[in-house]
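> The structure file work_35.txt (compact mmCIF, C-alpha atoms and all ligand atoms) is provided below.
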```
# COMPACT_ATOMS: atom_id res chain seq x y z
CA MET A 1 20.68 -31.32 2.41
CA ASP A 2 19.51 -28.57 4.76
CA LEU A 3 20.62 -25.32 3.14
CA ILE A 4 18.86 -22.77 5.34
CA ASN A 5 20.77 -22.15 8.57
CA GLU A 6 17.92 -21.86 11.08
CA THR A 7 20.11 -20.60 13.91
CA ARG A 8 21.79 -17.91 11.81
CA LEU A 9 18.45 -16.75 10.42
CA TRP A 10 17.00 -16.49 13.91
CA SER A 11 20.01 -14.57 15.22
CA THR A 12 19.63 -11.96 12.45
CA ILE A 13 16.03 -11.39 13.62
CA ASN A 14 17.26 -10.68 17.15
CA ASP A 15 20.24 -8.59 16.01
CA LEU A 16 18.01 -6.28 13.94
CA ALA A 17 15.32 -6.16 16.64
CA ALA A 18 17.95 -4.80 19.04
CA ILE A 19 18.22 -1.70 16.84
CA THR A 20 15.11 -0.02 18.17
CA ILE A 21 14.15 3.09 20.10
CA GLU A 22 14.77 2.13 23.75
CA ASP A 23 11.50 3.31 25.29
CA GLN A 24 9.36 2.22 22.34
CA PRO A 25 9.99 -1.44 21.52
CA TRP A 26 9.90 -2.30 18.73
CA THR A 27 10.14 0.87 16.76
CA ARG A 28 12.26 1.73 13.71
CA ARG A 29 10.23 4.31 11.86
CA SER A 30 11.17 5.09 8.28
CA PHE A 31 13.43 8.09 7.70
CA THR A 32 14.84 8.15 11.23
CA ALA A 33 18.37 7.68 12.56
CA LYS A 34 17.38 4.28 14.01
CA TYR A 35 16.07 3.19 10.59
CA ASN A 36 19.33 4.22 8.94
CA GLU A 37 21.25 2.40 11.68
CA GLY A 38 19.27 -0.77 11.01
CA ARG A 39 19.96 -0.49 7.30
CA GLU A 40 23.69 0.04 7.91
CA TRP A 41 23.60 -3.23 9.87
CA LEU A 42 21.76 -4.94 7.01
CA MET A 43 24.19 -3.66 4.36
CA LYS A 44 27.10 -4.91 6.47
CA GLN A 45 25.49 -8.38 6.59
CA MET A 46 24.98 -8.24 2.82
CA ARG A 47 28.57 -7.23 2.14
CA GLU A 48 29.93 -9.91 4.47
CA SER A 49 27.81 -12.42 2.55
CA GLY A 50 29.51 -11.43 -0.70
CA LEU A 51 26.57 -9.57 -2.21
CA GLU A 52 26.83 -6.45 -4.36
CA VAL A 53 25.19 -3.75 -2.23
CA GLU A 54 23.42 -0.65 -3.57
CA VAL A 55 21.19 2.10 -2.21
CA ASP A 56 19.13 3.29 -5.18
CA GLU A 57 17.58 6.69 -5.95
CA GLY A 58 14.45 5.69 -4.05
CA SER A 59 16.70 4.86 -1.04
CA ASN A 60 15.90 1.14 -1.35
CA VAL A 61 18.67 -1.14 -0.02
CA ILE A 62 19.52 -3.89 -2.51
CA GLY A 63 21.85 -6.86 -2.05
CA ARG A 64 22.61 -8.69 -5.34
CA LEU A 65 23.81 -12.25 -5.92
CA ILE A 66 24.77 -12.22 -9.60
CA GLY A 67 23.38 -15.19 -11.55
CA THR A 68 25.23 -17.46 -13.98
CA GLU A 69 23.18 -15.86 -16.79
CA PRO A 70 23.18 -12.22 -15.68
CA ASN A 71 21.28 -11.06 -18.77
CA LEU A 72 18.14 -12.83 -17.56
CA PRO A 73 15.63 -10.70 -15.63
CA SER A 74 16.25 -10.88 -11.88
CA ILE A 75 14.40 -12.67 -9.11
CA VAL A 76 13.58 -10.21 -6.33
CA ILE A 77 13.04 -11.29 -2.72
CA GLY A 78 11.86 -8.26 -0.79
CA SER A 79 9.99 -6.71 2.08
CA HIS A 80 10.71 -3.92 4.57
CA THR A 81 12.58 -3.19 7.80
CA ASP A 82 10.61 -0.12 8.87
CA THR A 83 7.98 -0.60 11.58
CA VAL A 84 4.81 1.07 12.79
CA PRO A 85 5.21 2.93 16.12
CA ASN A 86 5.44 0.30 18.90
CA GLY A 87 5.44 -2.34 16.20
CA GLY A 88 6.89 -5.81 16.09
CA ARG A 89 10.07 -7.72 15.29
CA PHE A 90 8.75 -9.67 12.29
CA ASP A 91 6.43 -7.56 10.08
CA GLY A 92 8.54 -7.02 6.96
CA ILE A 93 11.76 -7.88 8.74
CA ALA A 94 11.16 -11.63 8.41
CA GLY A 95 10.95 -11.25 4.63
CA VAL A 96 14.14 -9.24 4.21
CA LEU A 97 16.15 -11.51 6.51
CA ALA A 98 14.76 -14.67 4.92
CA GLY A 99 15.97 -13.26 1.60
CA LEU A 100 19.41 -12.63 3.09
CA GLU A 101 19.54 -16.19 4.47
CA ILE A 102 18.50 -17.65 1.11
CA VAL A 103 21.35 -15.96 -0.79
CA ARG A 104 23.78 -16.85 2.01
CA ALA A 105 22.73 -20.52 1.71
CA LEU A 106 23.12 -20.48 -2.09
CA LYS A 107 26.51 -18.79 -1.93
CA GLU A 108 28.11 -20.89 0.79
CA ASN A 109 26.89 -24.13 -0.81
CA ASN A 110 28.03 -22.96 -4.27
CA ILE A 111 24.60 -23.56 -5.74
CA PRO A 112 24.48 -21.82 -9.12
CA VAL A 113 21.28 -19.97 -10.06
CA LYS A 114 20.80 -18.63 -13.60
CA HIS A 115 18.90 -15.52 -12.48
CA THR A 116 20.49 -12.73 -10.46
CA ILE A 117 18.78 -12.64 -7.06
CA GLU A 118 18.12 -9.23 -5.51
CA VAL A 119 17.32 -9.05 -1.81
CA VAL A 120 15.54 -5.72 -1.26
CA ASP A 121 14.63 -3.72 1.82
CA PHE A 122 11.99 -1.43 0.30
CA THR A 123 11.88 1.99 1.90
CA ALA A 124 8.92 2.99 4.09
CA GLU A 125 6.46 0.20 3.41
CA GLU A 126 4.47 1.34 6.45
CA PRO A 127 2.44 4.57 6.26
CA SER A 128 5.18 7.13 6.89
CA GLU A 129 5.00 10.49 8.69
CA TYR A 130 4.51 11.93 5.18
CA GLY A 131 1.19 10.08 4.81
CA LEU A 132 2.46 7.67 2.16
CA SER A 133 3.27 3.95 2.38
CA THR A 134 5.20 1.58 0.07
CA VAL A 135 7.42 4.53 -0.87
CA GLY A 136 10.38 2.46 -2.14
CA SER A 137 8.36 -0.03 -4.17
CA ARG A 138 6.36 2.90 -5.64
CA ALA A 139 9.69 4.30 -6.85
CA TRP A 140 10.28 1.00 -8.70
CA SER A 141 6.76 0.81 -10.13
CA GLY A 142 6.70 4.47 -11.22
CA ASN A 143 3.98 5.38 -8.72
CA LEU A 144 6.02 7.88 -6.70
CA THR A 145 5.00 11.19 -8.22
CA GLU A 146 6.60 14.65 -7.90
CA GLU A 147 3.51 15.67 -5.93
CA MET A 148 4.05 12.79 -3.47
CA LEU A 149 7.70 13.82 -3.05
CA SER A 150 6.37 17.20 -1.88
CA TYR A 151 4.16 15.65 0.85
CA THR A 152 5.32 17.03 4.21
CA ASN A 153 5.50 15.76 7.78
CA SER A 154 4.27 17.74 10.82
CA GLU A 155 7.55 19.72 10.80
CA GLY A 156 7.05 20.71 7.16
CA GLN A 157 9.91 18.55 5.84
CA SER A 158 9.25 16.98 2.45
CA LEU A 159 9.22 13.29 1.55
CA GLY A 160 11.91 14.10 -1.01
CA ASP A 161 14.20 15.42 1.74
CA ALA A 162 13.44 12.31 3.79
CA ILE A 163 14.44 10.06 0.90
CA SER A 164 17.74 11.98 0.67
CA TYR A 165 18.24 11.43 4.41
CA ALA A 166 17.73 7.71 3.83
CA GLY A 167 20.42 7.72 1.14
CA GLY A 168 18.30 8.21 -2.01
CA LYS A 169 18.36 10.82 -4.78
CA PRO A 170 14.80 12.18 -5.14
CA ASN A 171 15.73 14.43 -8.07
CA ASP A 172 16.73 11.30 -10.03
CA ILE A 173 13.90 9.10 -8.73
CA LYS A 174 12.90 8.19 -12.28
CA ASN A 175 16.23 6.35 -12.69
CA CYS A 176 15.17 3.59 -10.29
CA GLU A 177 11.89 2.95 -12.07
CA LYS A 178 12.01 -0.64 -13.36
CA ASP A 179 11.04 -1.65 -16.89
CA LYS A 180 8.36 -4.30 -17.20
CA GLY A 181 10.20 -7.51 -18.02
CA SER A 182 13.29 -6.56 -16.03
CA ILE A 183 12.10 -8.69 -13.11
CA ALA A 184 11.21 -12.34 -13.64
CA LEU A 185 9.58 -12.94 -10.25
CA TYR A 186 8.94 -11.13 -6.97
CA LEU A 187 8.67 -13.22 -3.80
CA GLU A 188 7.91 -12.08 -0.26
CA LEU A 189 7.82 -14.04 2.97
CA HIS A 190 5.66 -12.35 5.61
CA ILE A 191 3.94 -13.10 8.90
CA GLU A 192 0.22 -13.50 8.29
CA GLN A 193 -0.66 -10.71 10.71
CA GLY A 194 -3.97 -12.50 11.27
CA PRO A 195 -5.43 -15.66 12.88
CA VAL A 196 -6.23 -17.93 9.90
CA LEU A 197 -3.07 -20.11 9.84
CA LEU A 198 -3.39 -20.69 13.60
CA ARG A 199 -7.10 -21.50 13.35
CA LYS A 200 -6.40 -24.02 10.59
CA ASN A 201 -3.28 -25.36 12.33
CA ALA A 202 -1.22 -24.66 9.20
CA ASN A 203 2.55 -24.11 9.07
CA LEU A 204 2.58 -22.16 5.81
CA GLY A 205 0.10 -20.10 3.79
CA VAL A 206 0.20 -19.45 0.06
CA VAL A 207 -1.30 -16.03 -0.56
CA THR A 208 -4.10 -15.97 -3.17
CA GLY A 209 -4.60 -12.21 -3.33
CA ILE A 210 -3.77 -8.94 -1.54
CA VAL A 211 -6.24 -6.23 -0.59
CA GLY A 212 -6.32 -2.87 -2.24
CA ILE A 213 -6.08 0.13 0.11
CA GLN A 214 -7.69 3.53 -0.38
CA ARG A 215 -6.60 6.29 1.99
CA TYR A 216 -8.14 9.76 2.48
CA LYS A 217 -7.13 12.70 4.64
CA ILE A 218 -10.25 14.42 6.01
CA SER A 219 -9.89 17.94 7.47
CA VAL A 220 -12.80 19.38 9.47
CA ASP A 221 -12.84 23.08 10.36
CA GLY A 222 -15.29 24.32 12.98
CA LEU A 223 -14.98 27.31 15.30
CA PRO A 224 -12.59 27.11 18.26
CA ASN A 225 -14.21 28.66 21.30
CA HIS A 226 -14.25 28.81 25.09
CA SER A 227 -15.59 25.51 26.44
CA GLY A 228 -17.21 27.17 29.44
CA THR A 229 -18.98 30.10 27.88
CA THR A 230 -20.14 28.63 24.55
CA PRO A 231 -23.66 27.15 24.85
CA MET A 232 -24.17 23.70 23.30
CA ASP A 233 -26.54 25.07 20.63
CA MET A 234 -24.01 27.70 19.52
CA ARG A 235 -21.05 25.44 18.73
CA ASN A 236 -19.28 24.43 15.54
CA ASP A 237 -17.40 21.61 17.17
CA ALA A 238 -14.91 20.04 14.73
CA LEU A 239 -14.30 16.99 16.93
CA THR A 240 -17.90 15.88 17.39
CA ALA A 241 -18.43 16.31 13.64
CA ALA A 242 -15.30 14.23 12.88
CA SER A 243 -16.47 11.63 15.39
CA GLU A 244 -19.85 11.30 13.67
CA MET A 245 -17.99 10.91 10.34
CA THR A 246 -15.82 8.18 11.88
CA LEU A 247 -18.91 6.30 13.05
CA ALA A 248 -20.41 6.75 9.59
CA LEU A 249 -17.35 4.98 8.11
CA GLU A 250 -17.85 2.10 10.53
CA SER A 251 -21.54 1.71 9.64
CA VAL A 252 -20.88 1.88 5.88
CA ALA A 253 -18.02 -0.64 6.06
CA ASN A 254 -20.34 -3.00 7.98
CA GLY A 255 -22.60 -3.11 4.93
CA LYS A 256 -22.95 -6.07 2.56
CA PHE A 257 -20.52 -6.16 -0.40
CA ASP A 258 -19.26 -8.80 -2.86
CA GLN A 259 -16.12 -9.25 -0.73
CA PRO A 260 -15.24 -8.42 2.92
CA VAL A 261 -14.41 -4.75 3.49
CA VAL A 262 -12.70 -3.03 6.42
CA GLY A 263 -12.76 0.70 7.19
CA THR A 264 -10.48 2.25 9.81
CA VAL A 265 -9.60 5.64 11.26
CA GLY A 266 -6.17 5.15 12.81
CA VAL A 267 -4.88 8.73 12.84
CA PHE A 268 -7.03 11.40 14.51
CA ASN A 269 -5.46 14.78 15.30
CA ASN A 270 -7.44 17.38 17.23
CA PHE A 271 -6.49 21.09 17.33
CA PRO A 272 -5.82 22.91 19.57
CA ASN A 273 -6.36 19.80 21.75
CA ALA A 274 -6.92 21.72 24.99
CA SER A 275 -9.43 20.64 27.63
CA ASN A 276 -11.10 24.05 27.82
CA VAL A 277 -11.35 24.78 24.08
CA VAL A 278 -14.16 23.68 21.77
CA PRO A 279 -12.12 21.87 19.05
CA GLY A 280 -11.58 24.10 16.03
CA ARG A 281 -9.98 21.62 13.62
CA VAL A 282 -9.61 17.88 13.26
CA GLU A 283 -7.48 16.05 10.70
CA PHE A 284 -8.00 12.31 10.39
CA ILE A 285 -6.91 9.54 8.04
CA VAL A 286 -9.45 7.07 6.66
CA GLU A 287 -8.43 3.77 5.09
CA ILE A 288 -10.71 1.36 3.26
CA ARG A 289 -9.48 -2.11 2.28
CA SER A 290 -10.88 -5.00 0.29
CA ILE A 291 -9.85 -7.61 -2.24
CA SER A 292 -12.68 -6.15 -4.34
CA GLU A 293 -11.96 -2.77 -5.99
CA GLU A 294 -15.71 -2.33 -6.53
CA ALA A 295 -16.36 -2.74 -2.80
CA ILE A 296 -13.67 -0.17 -1.97
CA ASP A 297 -15.24 2.30 -4.39
CA ALA A 298 -18.77 1.66 -3.06
CA VAL A 299 -17.73 2.23 0.56
CA ALA A 300 -15.70 5.31 -0.37
CA ASP A 301 -18.58 6.89 -2.33
CA GLU A 302 -21.15 6.24 0.39
CA PHE A 303 -18.81 7.41 3.17
CA LEU A 304 -17.85 10.65 1.39
CA SER A 305 -21.47 11.55 0.71
CA LYS A 306 -22.25 11.07 4.43
CA VAL A 307 -19.26 13.29 5.33
CA TYR A 308 -20.72 16.25 3.44
CA VAL A 309 -24.20 15.71 4.93
CA ILE A 310 -22.73 15.67 8.46
CA ALA A 311 -20.61 18.77 7.74
CA SER A 312 -23.58 20.82 6.58
CA LYS A 313 -25.81 19.58 9.41
CA ARG A 314 -23.16 20.62 11.95
CA ASP A 315 -22.19 23.79 10.08
CA VAL A 316 -18.49 22.93 9.80
CA LYS A 317 -16.25 23.02 6.74
CA VAL A 318 -14.76 19.77 5.42
CA GLU A 319 -12.00 18.96 2.95
CA THR A 320 -11.40 15.43 1.66
CA GLU A 321 -8.06 14.54 0.02
CA ASN A 322 -7.42 11.22 -1.73
CA VAL A 323 -3.94 10.51 -0.32
CA SER A 324 -3.20 7.14 -1.91
CA ARG A 325 -4.68 4.07 -3.58
CA SER A 326 -2.96 0.74 -4.03
CA GLY A 327 -4.82 -1.76 -6.19
CA ALA A 328 -5.98 -5.17 -5.03
CA ILE A 329 -4.10 -8.02 -6.66
CA VAL A 330 -4.83 -11.65 -7.47
CA ILE A 331 -1.86 -14.06 -7.49
CA SER A 332 -1.53 -15.98 -10.80
CA ASP A 333 -2.30 -19.71 -10.84
CA LYS A 334 1.24 -20.38 -12.09
CA ILE A 335 2.91 -18.67 -9.13
CA LYS A 336 0.36 -20.07 -6.67
CA GLN A 337 1.15 -23.58 -7.95
CA LEU A 338 4.91 -22.91 -7.73
CA LEU A 339 4.51 -21.90 -4.07
CA ILE A 340 2.08 -24.69 -3.19
CA GLU A 341 4.59 -27.25 -4.48
CA SER A 342 7.52 -25.46 -2.76
CA CYS A 343 5.68 -25.40 0.57
CA SER A 344 4.16 -28.89 0.30
CA SER A 345 7.59 -30.42 -0.24
CA ILE A 346 8.46 -29.48 3.36
CA THR A 347 5.15 -29.68 5.23
CA ASP A 348 1.68 -31.03 4.56
CA LYS A 349 0.11 -28.25 6.61
CA VAL A 350 -0.22 -25.72 3.79
CA ILE A 351 -3.32 -23.60 3.13
CA GLN A 352 -4.23 -20.85 0.69
CA LEU A 353 -5.53 -17.52 1.94
CA PRO A 354 -5.92 -13.83 0.96
CA SER A 355 -3.92 -11.07 2.63
CA GLY A 356 -5.85 -8.37 4.56
CA ALA A 357 -2.57 -6.51 4.92
CA GLY A 358 -1.04 -4.52 2.10
CA HIS A 359 2.54 -5.23 1.04
CA ASP A 360 5.26 -4.08 -1.34
CA ALA A 361 3.97 -6.93 -3.50
CA ASN A 362 1.03 -4.67 -4.41
CA GLN A 363 3.38 -2.29 -6.21
CA MET A 364 5.65 -5.08 -7.47
CA SER A 365 2.66 -6.76 -9.16
CA LEU A 366 2.73 -3.87 -11.65
CA LEU A 367 6.21 -4.99 -12.74
CA ALA A 368 6.36 -8.78 -12.46
CA PRO A 369 4.59 -11.97 -11.38
CA VAL A 370 4.43 -11.90 -7.56
CA GLY A 371 4.00 -14.54 -4.89
CA MET A 372 3.82 -14.46 -1.11
CA VAL A 373 4.21 -17.08 1.60
CA PHE A 374 2.79 -16.48 5.08
CA ILE A 375 4.01 -17.92 8.37
CA PRO A 376 1.84 -17.91 11.49
CA CYS A 377 2.16 -15.22 14.16
CA LYS A 378 1.28 -15.64 17.85
CA ASP A 379 -2.43 -15.04 18.56
CA GLY A 380 -2.65 -13.71 14.98
CA ARG A 381 -1.42 -10.34 16.21
CA SER A 382 0.80 -7.77 14.51
CA HIS A 383 1.57 -4.04 14.59
CA CYS A 384 2.12 -4.36 18.35
CA PRO A 385 5.08 -5.23 20.64
CA GLU A 386 3.52 -8.68 21.26
CA GLU A 387 4.00 -9.59 17.56
CA TRP A 388 5.84 -12.92 17.52
CA ALA A 389 6.69 -15.76 15.15
CA GLU A 390 8.29 -19.11 15.98
CA LYS A 391 11.86 -19.86 14.89
CA GLU A 392 10.75 -23.13 13.27
CA ASP A 393 8.03 -21.41 11.22
CA LEU A 394 10.45 -18.76 10.00
CA TYR A 395 12.84 -21.54 9.00
CA LEU A 396 10.10 -23.41 7.09
CA GLY A 397 9.08 -20.18 5.34
CA ALA A 398 12.62 -19.41 4.24
CA LYS A 399 13.09 -23.01 3.10
CA ALA A 400 9.88 -22.84 1.04
CA LEU A 401 10.98 -19.62 -0.62
CA LEU A 402 14.39 -21.10 -1.42
CA ASN A 403 12.66 -24.10 -3.01
CA ALA A 404 10.54 -21.72 -5.08
CA VAL A 405 13.58 -19.75 -6.27
CA LEU A 406 15.40 -22.93 -7.34
CA ALA A 407 12.33 -24.45 -9.02
CA PHE A 408 11.43 -21.22 -10.82
CA SER A 409 14.96 -20.57 -12.01
CA LYS A 410 15.29 -24.11 -13.32
CA GLN A 411 12.02 -23.97 -15.30
CA GLU A 412 12.43 -20.46 -16.69
CA GLN A 413 14.50 -19.60 -19.77
O1 LIG A 501 -0.82 -1.67 6.63
C1 LIG A 501 -0.51 -2.77 6.17
O2 LIG A 501 -1.35 -3.50 5.71
C2 LIG A 501 0.92 -3.21 6.16
O3 LIG A 501 1.20 -3.86 7.37
N1 LIG A 501 1.80 -2.09 5.97
MN MN A 502 2.83 -3.58 8.62
MN MN A 503 4.59 -5.61 6.28
```
Output the file's structure in the form of structure tokens.
Ligand code: HGY
Ligand code: MN
Ligand code: MN

Amino acid sequence: MDLINETRLWSTINDLAAITIEDQPWTRRSFTAKYNEGREWLMKQMRESGLEVEVDEGSNVIGRLIGTEPNLPSIVIGSHTDTVPNGGRFDGIAGVLAGLEIVRALKENNIPVKHTIEVVDFTAEEPSEYGLSTVGSRAWSGNLTEEMLSYTNSEGQSLGDAISYAGGKPNDIKNCEKDKGSIALYLELHIEQGPVLLRKNANLGVVTGIVGIQRYKISVDGLPNHSGTTPMDMRNDALTAASEMTLALESVANGKFDQPVVGTVGVFNNFPNASNVVPGRVEFIVEIRSISEEAIDAVADEFLSKVYVIASKRDVKVETENVSRSGAIVISDKIKQLLIESCSSITDKVIQLPSGAGHDANQMSLLAPVGMVFIPCKDGRSHCPEEWAEKEDLYLGAKALLNAVLAFSKQEQ
């Protein structure tokens, strides 16, 4: 019997996508009015589906389908509905809405499940304006510190205030920290955000591991000066120094390590950013990713040592701040096997692959066994308006996750 309603699932994708900033499709940045509007829509869907709805202290939105044995630890199906600027309609969103469709299918077909199922929209999975990502799942794992709550955006507002704006209670953030053992399994459906499934002509991917991500904020202070009257040999140009540091990251990350490594500078702010002023200050964000923690550390050490050499050579000041670190994770054989069987029962085009993207599953792995299923995305692209997934693939992914929930709940006491 086909439990997942493919048409309904697809229509929720389009309904949520419509809640975006008009001139910036598709954008629903965390801690904005649009984000709150999207979550109001989601909570309405959850209520209409008969779920218990809660916004916790970390401002996570949770829809609960109570199990027949409510004392058992819950099964969590989560992801996120916030986007990067000019992002897509599927990154994170597919996982939350697949979770909603799964509980809808169980409820309307009166299929009893021992475990309570929690569908969660984790707050601010994407790097927020406060410099931190996976904010909501950090609140669950206990990795959202007082210091992080004091991180500020460019207007000087704190992350704690932003969490209040999103419906949370930052002063009681500890109350939403989960005890180990309180969650039996965490599952997340996600677009691959890369080209591997397409290249291998696969419908579904069982994730074998998820990269760790190390992020630094680098601040370079030179000497702002008149661009016309300051000779080239008398400059302390913050931007050219920061540019040399950026190229140093690229060359270090291109080195040989035990696992693939990527290094990126995606945020680069120049001050005062005027065409006739020698740049006085540059703030940029560095991120280093790999499945191998050792490789991340090796790249970080080599990059930071180059930063100080470049700063002294160019006579500028530099400050490096370790903004965040999420650990790399390996999916257990038991959960991998559960997902391989769940996927293979609906298609023979199933592969296994690591995730180069970070997810809430990184934080959730500190609390429970985690598993992820990938569906293909057009041209392997994500974090752009062209991000696209096919209706049929989304349906297969949701069906596979439903199979996994039913199989897991049956086998677990
Ligand atoms: O950045 C990431 O890897 C994820 O898409 N937030
Ligand atoms: Mn993303
Ligand atoms: Mn995502």
> Return the single residue from A:Asp237, A:Glu387, A:Asp91, A:Glu302 that is closest to Ile288 of chain A, with distances computed using all atoms listed in the file.
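For Ile288 of chain A, the nearest of the candidates is A:Glu302.
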> Give me the chain A side of the contact with ligand MN 503 (chain A), cut-off 12 Å, one line per residue showing its nearest atom pair and distance in Å at one decimal, counting all atoms listed in the file, sorted by chain and residue number, as a Markdown table.

```
| residue | atom | partner | partner_atom | distance |
| --- | --- | --- | --- | --- |
| A:Gly78 | CA | A:MN503 | MN | 10.5 |
| A:Ser79 | CA | A:MN503 | MN | 6.9 |
| A:His80 | CA | A:MN503 | MN | 6.6 |
| A:Thr81 | CA | A:MN503 | MN | 8.5 |
| A:Asp82 | CA | A:MN503 | MN | 8.5 |
| A:Thr83 | CA | A:MN503 | MN | 8.0 |
| A:Val84 | CA | A:MN503 | MN | 9.3 |
| A:Gly87 | CA | A:MN503 | MN | 10.5 |
| A:Gly88 | CA | A:MN503 | MN | 10.1 |
| A:Arg89 | CA | A:MN503 | MN | 10.8 |
| A:Phe90 | CA | A:MN503 | MN | 8.4 |
| A:Asp91 | CA | A:MN503 | MN | 4.7 |
| A:Gly92 | CA | A:MN503 | MN | 4.2 |
| A:Ile93 | CA | A:MN503 | MN | 7.9 |
| A:Ala94 | CA | A:MN503 | MN | 9.2 |
| A:Gly95 | CA | A:MN503 | MN | 8.7 |
| A:Val96 | CA | A:MN503 | MN | 10.4 |
| A:Asp121 | CA | A:MN503 | MN | 11.1 |
| A:Phe122 | CA | A:MN503 | MN | 10.4 |
| A:Thr123 | CA | A:MN503 | MN | 11.4 |
| A:Ala124 | CA | A:MN503 | MN | 9.9 |
| A:Glu125 | CA | A:MN503 | MN | 6.7 |
| A:Glu126 | CA | A:MN503 | MN | 7.0 |
| A:Pro127 | CA | A:MN503 | MN | 10.4 |
| A:Ser133 | CA | A:MN503 | MN | 10.4 |
| A:Thr134 | CA | A:MN503 | MN | 9.5 |
| A:Glu188 | CA | A:MN503 | MN | 9.8 |
| A:Leu189 | CA | A:MN503 | MN | 9.6 |
| A:His190 | CA | A:MN503 | MN | 6.9 |
| A:Ile191 | CA | A:MN503 | MN | 8.0 |
| A:Glu192 | CA | A:MN503 | MN | 9.2 |
| A:Gln193 | CA | A:MN503 | MN | 8.6 |
| A:Ile210 | CA | A:MN503 | MN | 11.9 |
| A:Ser355 | CA | A:MN503 | MN | 10.7 |
| A:Gly356 | CA | A:MN503 | MN | 10.9 |
| A:Ala357 | CA | A:MN503 | MN | 7.3 |
| A:Gly358 | CA | A:MN503 | MN | 7.1 |
| A:His359 | CA | A:MN503 | MN | 5.6 |
| A:Asp360 | CA | A:MN503 | MN | 7.8 |
| A:Ala361 | CA | A:MN503 | MN | 9.9 |
| A:Asn362 | CA | A:MN503 | MN | 11.3 |
| A:Met372 | CA | A:MN503 | MN | 11.6 |
| A:Phe374 | CA | A:MN503 | MN | 11.1 |
| A:Ser382 | CA | A:MN503 | MN | 9.3 |
| A:His383 | CA | A:MN503 | MN | 9.0 |
| A:Glu387 | CA | A:MN503 | MN | 12.0 |
```
> Go through A:Asp179, A:Asp23, A:Glu129, A:Asp333 one by one, measure the shortest atom-to-atom distance of each to Ile285 of chain A using all atoms listed in the file, and give the residue with the smallest value.
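Using all atoms listed in the file, Ile285 of chain A sits closest to A:Glu129.
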> Point out the residue among A:Val211, A:Cys176, A:Ala298, A:Leu394 with the least atom-to-atom distance to ligand LIG 501 (chain A), counting all atoms listed in the file.
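Going through A:Val211, A:Cys176, A:Ala298, A:Leu394 one by one, the smallest distance to ligand LIG 501 (chain A) is for A:Val211.
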> Find the spatial neighbours of segment 147-161 of chain A, counting all atoms listed in the file, within a cut-off of 10 Å - ignore same-chain residues fewer than 5 positions away - and output them as a ChimeraX atom specification.
/A:31,58,128-132,135,166-171,173,323-324
> Name the closest residue to ligand LIG 501 (chain A) among the candidates A:Asp301, A:Glu293, A:Asp393, A:Glu287; distances are taken between atoms, counting only C-alpha atoms and all ligand atoms.
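Nearest to ligand LIG 501 (chain A): A:Glu287.
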> Could you tell me how far atom CA of Glu321 of chain A lies from atom CA of Arg215 of chain A, in Å and to one decimal?
8.6 Å
> Choose the residue, out of A:Gly38, A:Pro376, A:Gly67, A:Gly212, that has the smallest atom-to-atom separation from Tyr395 of chain A; count only C-alpha atoms.
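Smallest separation from Tyr395 of chain A among the options: A:Pro376.
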> With distances taken over all atoms listed in the file, which residue among A:Ala248, A:Leu100, A:Leu72, A:Leu339 lies nearest Tyr308 of chain A?
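The closest residue to Tyr308 of chain A is A:Ala248.
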> In Å, how far is it from atom CA of Lys200 of chain A to atom CA of Leu185 of chain A?
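Going from atom CA of Lys200 of chain A over to atom CA of Leu185 of chain A, I get 28.5 Å.
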